[in-house]
$ cat work35.txt   # compact mmCIF, C-alpha atoms
# COMPACT_ATOMS: atom_id res chain seq x y z
CA MET A 1 84.94 119.66 110.36
CA GLU A 2 87.24 118.12 112.97
CA ILE A 3 89.38 115.93 110.73
CA ASN A 4 90.96 113.93 113.56
CA VAL A 5 87.51 112.93 114.86
CA VAL A 6 86.42 111.90 111.35
CA LEU A 7 89.60 109.87 110.82
CA ALA A 8 89.24 108.16 114.20
CA SER A 9 85.63 107.21 113.36
CA MET A 10 86.67 105.83 109.98
CA MET A 11 89.47 103.85 111.59
CA GLN A 12 87.05 102.39 114.17
CA ALA A 13 84.60 101.40 111.42
CA ILE A 14 87.33 99.56 109.53
CA LYS A 15 88.58 97.94 112.75
CA ASN A 16 85.07 96.64 113.52
CA ASN A 17 84.78 95.23 110.01
CA VAL A 18 88.03 93.30 109.84
CA GLY A 19 87.82 91.95 113.42
CA GLU A 20 90.77 89.80 114.45
CA ASN A 21 92.67 90.68 111.26
CA TRP A 22 92.94 94.28 112.40
CA ASN A 23 96.64 94.01 113.25
CA THR A 24 97.45 92.76 109.77
CA VAL A 25 95.72 95.63 107.95
CA LYS A 26 96.40 98.33 110.54
CA GLU A 27 99.54 99.72 108.91
CA LYS A 28 98.04 100.12 105.43
CA THR A 29 94.74 101.47 106.75
CA ASN A 30 96.56 103.99 108.93
CA GLN A 31 98.53 105.12 105.89
CA MET A 32 95.38 105.50 103.80
CA LEU A 33 93.79 107.72 106.45
CA GLU A 34 97.04 109.62 106.97
CA ASN A 35 97.01 110.31 103.21
CA LYS A 36 93.52 111.77 103.59
CA LYS A 37 94.70 114.04 106.39
CA GLU A 38 97.66 115.29 104.33
CA ARG A 39 95.45 115.75 101.26
CA LEU A 40 92.86 117.87 103.08
CA ALA A 41 95.61 119.91 104.74
CA LEU A 42 97.24 120.53 101.34
CA LEU A 43 93.89 121.47 99.82
CA ALA A 44 93.23 123.96 102.62
CA GLU A 45 96.75 125.43 102.41
CA LEU A 46 96.66 125.88 98.61
CA THR A 47 93.21 127.50 98.79
CA ILE A 48 94.16 129.87 101.62
CA ASN A 49 97.38 130.84 99.77
CA LYS A 50 95.30 131.47 96.62
CA GLU A 51 97.25 128.85 94.66
CA LEU A 52 93.83 127.33 93.92
CA THR A 53 90.74 129.31 92.94
CA PHE A 54 87.45 128.78 94.78
CA LYS A 55 86.13 126.96 91.71
CA GLN A 56 89.12 124.62 91.75
CA PHE A 57 88.61 124.08 95.48
CA GLN A 58 84.97 123.08 94.86
CA SER A 59 86.07 120.73 92.09
CA LYS A 60 88.46 119.05 94.52
CA LEU A 61 85.68 118.60 97.07
CA GLU A 62 83.87 116.60 94.39
CA ASP A 63 87.02 114.47 94.02
CA GLU A 64 87.08 114.07 97.79
CA LYS A 65 83.59 112.52 97.68
CA GLN A 66 84.88 109.99 95.16
CA MET A 67 87.90 109.29 97.39
CA ILE A 68 85.58 108.45 100.31
CA ILE A 69 83.66 106.05 98.05
CA ALA A 70 86.96 104.44 96.98
CA GLU A 71 88.05 104.05 100.63
CA LEU A 72 84.74 102.35 101.46
CA HIS A 73 85.29 99.93 98.58
CA VAL A 74 88.77 99.14 99.94
CA THR A 75 87.21 98.44 103.35
CA ALA A 76 84.68 96.12 101.67
CA ILE A 77 87.52 94.18 100.03
CA LEU A 78 89.29 93.76 103.38
CA SER A 79 86.04 92.58 105.01
CA LYS A 80 85.23 90.08 102.24
CA ALA A 81 88.76 88.69 102.28
CA THR A 82 88.53 88.26 106.06
CA ALA A 83 85.13 86.54 105.85
CA GLN A 84 86.38 84.19 103.11
CA LYS A 85 89.40 83.19 105.17
CA ALA A 86 87.27 82.54 108.26
CA ALA A 87 84.73 80.44 106.35
CA ASN A 88 87.39 78.33 104.65
CA ALA A 89 89.24 77.82 107.93
CA ALA A 90 86.01 76.39 109.42
CA ILE A 91 85.52 74.11 106.39
CA ASP A 92 89.15 72.94 106.66
CA VAL A 93 88.60 71.98 110.30
CA LEU A 94 85.53 69.94 109.33
CA SER A 95 87.33 68.32 106.40
CA THR A 96 90.36 67.37 108.54
CA SER A 97 88.10 65.90 111.24
CA VAL A 98 86.21 63.79 108.70
CA LYS A 99 89.46 62.57 107.09
CA THR A 100 90.81 61.60 110.52
CA ALA A 101 87.58 59.79 111.37
CA ILE A 102 87.69 57.86 108.08
CA LYS A 103 91.30 56.82 108.74
CA ILE A 104 90.33 55.55 112.21
CA LEU A 105 87.44 53.53 110.72
CA MET B 1 57.55 48.14 112.04
CA HIS B 2 58.56 51.22 114.02
CA THR B 3 62.13 49.91 114.30
CA SER B 4 62.27 49.37 110.56
CA ILE B 5 61.30 53.01 109.80
CA THR B 6 63.86 54.30 112.28
CA THR B 7 66.56 52.13 110.72
CA GLN B 8 65.59 53.35 107.26
CA ARG B 9 65.86 56.97 108.37
CA LYS B 10 69.27 56.33 109.89
CA ASN B 11 70.42 54.66 106.69
CA ILE B 12 69.26 57.64 104.61
CA GLN B 13 71.04 60.04 106.98
CA CYS B 14 74.22 57.97 106.78
CA LEU B 15 74.05 57.84 102.97
CA TRP B 16 73.49 61.60 102.80
CA LEU B 17 76.41 62.28 105.15
CA ALA B 18 78.62 59.89 103.19
CA PHE B 19 77.68 61.70 99.97
CA VAL B 20 78.55 65.15 101.40
CA VAL B 21 81.80 63.91 102.94
CA GLY B 22 82.74 62.02 99.78
CA PHE B 23 81.99 65.04 97.62
CA CYS B 24 84.16 67.28 99.80
CA LEU B 25 86.99 64.77 99.77
CA VAL B 26 86.87 64.15 96.03
CA MET B 27 86.39 67.80 95.10
CA PRO B 28 87.91 69.88 97.92
CA THR B 29 87.88 73.09 95.89
CA ALA B 30 84.12 72.82 95.45
CA CYS B 31 83.78 73.08 99.21
CA LYS B 32 85.68 76.37 99.45
CA VAL B 33 83.95 79.69 100.00
CA SER B 34 84.82 82.41 97.46
CA LEU B 35 83.80 85.97 98.18
CA ILE B 36 86.64 87.72 96.39
CA THR B 37 88.95 87.21 93.44
CA PRO B 38 92.54 86.05 94.25
CA TYR B 39 95.45 88.46 94.67
CA ASP B 40 97.18 89.39 91.39
CA HIS B 41 100.84 90.36 91.78
CA THR B 42 101.19 91.48 88.13
CA LEU B 43 98.32 93.90 88.58
CA LYS B 44 99.91 95.35 91.70
CA LEU B 45 103.15 95.95 89.77
CA GLN B 46 101.18 97.70 87.02
CA ILE B 47 99.61 100.02 89.60
CA ILE B 48 103.08 100.88 90.95
CA ASP B 49 104.24 101.56 87.38
CA VAL B 50 101.35 104.00 86.83
CA GLN B 51 102.23 105.72 90.10
CA LYS B 52 105.81 106.28 88.89
CA ARG B 53 104.63 107.67 85.55
CA VAL B 54 102.16 110.06 87.22
CA ASP B 55 104.88 111.30 89.60
CA HIS B 56 107.28 111.74 86.67
CA LEU B 57 104.77 113.83 84.73
CA TYR B 58 103.88 116.12 87.64
CA PHE B 59 107.48 116.52 88.85
CA SER B 60 108.52 117.42 85.29
CA LEU B 61 105.68 119.96 85.07
CA LEU B 62 106.76 121.58 88.35
CA ASP B 63 110.31 121.90 86.96
CA THR B 64 109.02 123.65 83.85
CA LYS B 65 108.21 127.36 83.55
CA LEU B 66 104.48 128.15 83.57
CA ALA B 67 104.54 129.46 79.99
CA GLU B 68 106.10 126.22 78.75
CA ARG B 69 103.56 123.90 80.36
CA GLU B 70 101.37 123.68 77.25
CA TYR B 71 99.10 120.66 77.15
CA THR B 72 100.38 119.65 73.71
CA ASN B 73 103.88 119.02 75.16
CA TYR B 74 102.43 116.44 77.57
CA ALA B 75 99.48 115.03 75.59
CA SER B 76 101.18 111.73 74.74
CA THR B 77 102.19 111.16 78.39
CA TYR B 78 98.60 111.78 79.51
CA THR B 79 97.37 109.28 76.91
CA ASP B 80 99.97 106.65 77.89
CA ILE B 81 98.86 106.82 81.53
CA GLU B 82 95.18 106.79 80.50
CA VAL B 83 95.80 103.62 78.48
CA LEU B 84 97.49 101.93 81.46
CA LEU B 85 94.67 102.89 83.84
CA SER B 86 92.10 101.70 81.31
CA SER B 87 93.96 98.40 80.98
CA ILE B 88 93.98 97.90 84.77
CA LEU B 89 90.23 98.61 84.86
CA LYS B 90 89.57 96.06 82.11
CA GLN B 91 91.73 93.44 83.84
CA ASN B 92 89.70 93.97 87.00
CA GLN B 93 86.39 93.86 85.12
CA VAL B 94 86.96 90.40 83.63
CA LYS B 95 87.57 88.84 87.06
CA PRO B 96 84.63 87.41 89.01
CA LEU B 97 83.80 88.70 92.52
CA ASN B 98 85.78 91.87 91.92
CA GLU B 99 83.22 94.70 91.85
CA ASN B 100 84.90 96.71 94.62
CA ALA B 101 88.30 96.78 92.86
CA VAL B 102 86.49 97.70 89.62
CA ALA B 103 84.84 100.65 91.37
CA VAL B 104 88.19 101.93 92.72
CA SER B 105 89.81 101.57 89.26
CA LYS B 106 86.93 103.48 87.66
CA ILE B 107 87.40 106.36 90.10
CA ALA B 108 91.15 106.48 89.34
CA LEU B 109 90.48 106.59 85.59
CA SER B 110 87.80 109.26 86.01
CA PHE B 111 90.23 111.44 88.03
CA TRP B 112 92.88 111.10 85.34
CA ARG B 113 90.50 111.96 82.51
CA LYS B 114 89.25 114.96 84.45
CA TYR B 115 92.78 116.28 85.13
CA LYS B 116 93.76 115.69 81.51
CA ALA B 117 90.68 117.60 80.30
CA GLU B 118 91.41 120.49 82.69
CA HIS B 119 94.98 120.82 81.44
CA LYS B 120 93.77 120.64 77.84
CA ALA B 121 91.07 123.29 78.42
CA GLU B 122 93.35 125.69 80.29
CA GLY B 123 96.37 125.07 78.06
CA THR B 124 98.65 125.21 81.10
CA LEU B 125 98.65 124.09 84.74
CA SER B 126 99.34 126.15 87.88
CA ASN B 127 101.70 124.96 90.65
CA GLY B 128 98.72 124.61 92.97
CA LEU B 129 96.82 122.32 90.60
CA ILE B 130 99.93 120.24 89.89
CA LYS B 131 100.48 119.64 93.62
CA ILE B 132 96.87 118.80 94.44
CA ASN B 133 96.26 116.69 91.32
CA ASN B 134 99.39 114.70 92.06
CA LYS B 135 98.21 114.15 95.64
CA TYR B 136 94.77 112.89 94.54
CA MET B 137 96.28 110.56 91.94
CA SER B 138 98.90 109.31 94.39
CA ASP B 139 96.24 108.56 97.02
CA ILE B 140 93.77 106.83 94.69
CA LEU B 141 96.60 104.69 93.31
CA TYR B 142 97.62 103.82 96.87
CA ALA B 143 93.98 102.79 97.57
CA MET B 144 94.17 100.57 94.45
CA GLN B 145 97.33 98.94 95.80
CA VAL B 146 95.74 98.30 99.20
CA SER B 147 92.65 96.83 97.54
CA GLU B 148 94.84 94.39 95.59
CA GLU B 149 97.03 93.49 98.56
CA GLY B 150 93.98 93.16 100.82
CA LYS B 151 92.96 90.12 98.79
CA LYS B 152 95.92 88.27 100.31
CA ILE B 153 94.01 88.08 103.61
CA SER B 154 91.63 85.57 102.06
CA VAL B 155 94.33 82.92 101.74
CA ASN B 156 97.36 83.53 103.91
CA ASN B 157 97.58 85.28 107.23
CA ASP B 158 101.37 85.46 107.33
CA ALA B 159 101.94 87.22 104.03
CA ILE B 160 99.32 89.88 104.54
CA LEU B 161 100.11 93.48 103.86
CA LYS B 162 103.66 93.28 105.18
CA GLU B 163 105.48 94.27 102.01
$ encode --input "work35.txt" --output "structure tokens"
Amino acid sequence: MEINVVLASMMQAIKNNVGENWNTVKEKTNQMLENKKERLALLAELTINKELTFKQFQSKLEDEKQMIIAELHVTAILSKATAQKAANAAIDVLSTSVKTAIKIL
Amino acid sequence: MHTSITTQRKNIQCLWLAFVVGFCLVMPTACKVSLITPYDHTLKLQIIDVQKRVDHLYFSLLDTKLAEREYTNYASTYTDIEVLLSSILKQNQVKPLNENAVAVSKIALSFWRKYKAEHKAEGTLSNGLIKINNKYMSDILYAMQVSEEGKKISVNNDAILKE
């Protein structure tokens, strides 16, 4: 598995989801994916150096699946928060326009 | 006759528009879209507290000789952290529109229970397991922090994720 390719794909998926808010979440998202890179490197190193048994390595791969699920949930939160902000901004524009129109009348 | 029907329609449309506008003006919060629960600063601080306790436990274990790393010496610390993680999960569960944060909290708690059970079963913990368990806990707790802070996007663009 080419980890840098996987990380780049994940980053692109998140970027597509959060749209114009990408710059605001970039730092934290980068850090989350950097954590993944460090974690997989540590897992590989400890297994190669026999500090972890093969059974322990397999157990950690199960944890890794859960980590991917958790990261997808985090992405969902960022997307929902972005969508909420966009929808309310549109409603605010409408509300302000109506209030202005009423004042004019 | 035709003019009368047209006028009636226009009147109904005007009344309907006036009702919607009036409703939004009288009850502005009812016209807001909610897809996610609001950001909770207290919860974020609790997550950071758990992170410190987890680090403290694993750093202490690394500083201890292998033979002295019996589970019984650390059982109460494991339980304390489990209680805190369980509390965070419950706080997330009672909030509406919060299923994603609940899912992340559940994963964190399941990791902790698994690592606790492994230590208990083995009686001790190798350096390798300490390092990798700490890394997984650290990263899932970081994901929990990001999921809490991410909620800030929904209300304020300037304060987002800059801490």
$ residues_around --input "work35.txt" --residues "Asn88 of chain A" --least-positions-apart "3" --cutoff "8 Å" --atoms "all atoms listed in the file" --output "count of residues only"
6
$ atom_distance --input "work35.txt" --atom1 "atom CA of Thr75 of chain A" --atom2 "atom CA of Asn133 of chain B"
23.7 Å
$ atom_distance --input "work35.txt" --atom1 "atom CA of Met32 of chain A" --atom2 "atom CA of Thr79 of chain B"
27.2 Å
$ residues_around --input "work35.txt" --residues "segment 45-53 of chain B" --least-positions-apart "6" --cutoff "8 Å" --atoms "all atoms listed in the file" --output "ChimeraX atom specification"
/B:81,84-85,88,137-138,141,144-145
$ closest_residue --input "work35.txt" --among "B:Glu99, B:Val155, B:Thr77, B:Ala143" --to "Thr29 of chain A" --atoms "all atoms listed in the file"
B:Ala143
$ atom_distance --input "work35.txt" --atom1 "atom CA of Glu118 of chain B" --atom2 "atom CA of Tyr71 of chain B"
9.5 Å
$ closest_atom_pairs --input "work35.txt" --of "chain A" --to "chain B" --cutoff "7 Å" --atoms "only C-alpha atoms" --output "tab-separated table"
residue	atom	partner	partner_atom	distance
A:Thr24	CA	B:Ile160	CA	6.3
A:Val25	CA	B:Leu161	CA	6.4
A:Lys28	CA	B:Val146	CA	6.9
A:Met32	CA	B:Ala143	CA	6.9
A:Asn35	CA	B:Asp139	CA	6.5
A:Arg39	CA	B:Lys135	CA	6.5
A:Leu43	CA	B:Ile132	CA	6.7
A:Leu46	CA	B:Gly128	CA	6.1
A:Glu51	CA	B:Gly128	CA	4.8
A:Leu52	CA	B:Gly128	CA	5.7
A:Gln66	CA	B:Ile107	CA	6.7
A:Met67	CA	B:Ile140	CA	6.9
A:Ala70	CA	B:Val104	CA	5.1
A:Glu71	CA	B:Ala143	CA	6.8
A:His73	CA	B:Asn100	CA	5.1
A:Val74	CA	B:Ser147	CA	5.1
A:Ile77	CA	B:Ser147	CA	6.3
A:Leu78	CA	B:Gly150	CA	5.4
A:Lys80	CA	B:Leu35	CA	6.0
A:Ala81	CA	B:Ser154	CA	4.2
A:Thr82	CA	B:Ser154	CA	5.7
A:Gln84	CA	B:Ser154	CA	5.5
A:Lys85	CA	B:Ser154	CA	4.5
A:Ala87	CA	B:Val33	CA	6.4
A:Asn88	CA	B:Lys32	CA	5.8
$ build_atoms --input "work35.txt" --residues "segment 35-49 of chain A" --atoms "N, CA and C atoms" --output "CSV table (one decimal), in the frame of the given file"
chain,number,residue,atom,x,y,z
A,35,ASN,N,97.0,109.7,104.5
A,35,ASN,CA,97.0,110.3,103.2
A,35,ASN,C,95.9,111.3,103.1
A,36,LYS,N,94.7,110.9,103.6
A,36,LYS,CA,93.5,111.8,103.6
A,36,LYS,C,93.8,113.1,104.4
A,37,LYS,N,94.4,112.9,105.5
A,37,LYS,CA,94.7,114.0,106.4
A,37,LYS,C,95.6,115.0,105.7
A,38,GLU,N,96.7,114.5,105.1
A,38,GLU,CA,97.7,115.3,104.3
A,38,GLU,C,97.0,116.0,103.1
A,39,ARG,N,96.1,115.2,102.5
A,39,ARG,CA,95.4,115.8,101.3
A,39,ARG,C,94.6,116.9,101.6
A,40,LEU,N,93.8,116.8,102.7
A,40,LEU,CA,92.9,117.9,103.1
A,40,LEU,C,93.6,119.1,103.6
A,41,ALA,N,94.8,118.8,104.3
A,41,ALA,CA,95.6,119.9,104.7
A,41,ALA,C,96.2,120.7,103.6
A,42,LEU,N,96.7,119.9,102.6
A,42,LEU,CA,97.2,120.5,101.3
A,42,LEU,C,96.2,121.3,100.6
A,43,LEU,N,95.0,120.8,100.5
A,43,LEU,CA,93.9,121.5,99.8
A,43,LEU,C,93.6,122.8,100.5
A,44,ALA,N,93.5,122.7,101.8
A,44,ALA,CA,93.2,124.0,102.6
A,44,ALA,C,94.3,125.0,102.4
A,45,GLU,N,95.6,124.5,102.5
A,45,GLU,CA,96.8,125.4,102.4
A,45,GLU,C,96.8,126.1,101.0
A,46,LEU,N,96.6,125.3,100.0
A,46,LEU,CA,96.7,125.9,98.6
A,46,LEU,C,95.5,126.9,98.4
A,47,THR,N,94.4,126.6,99.0
A,47,THR,CA,93.2,127.5,98.8
A,47,THR,C,93.4,128.8,99.6
A,48,ILE,N,93.9,128.7,100.8
A,48,ILE,CA,94.2,129.9,101.6
A,48,ILE,C,95.2,130.7,101.0
A,49,ASN,N,96.3,130.1,100.4
A,49,ASN,CA,97.4,130.8,99.8
A,49,ASN,C,97.0,131.3,98.4
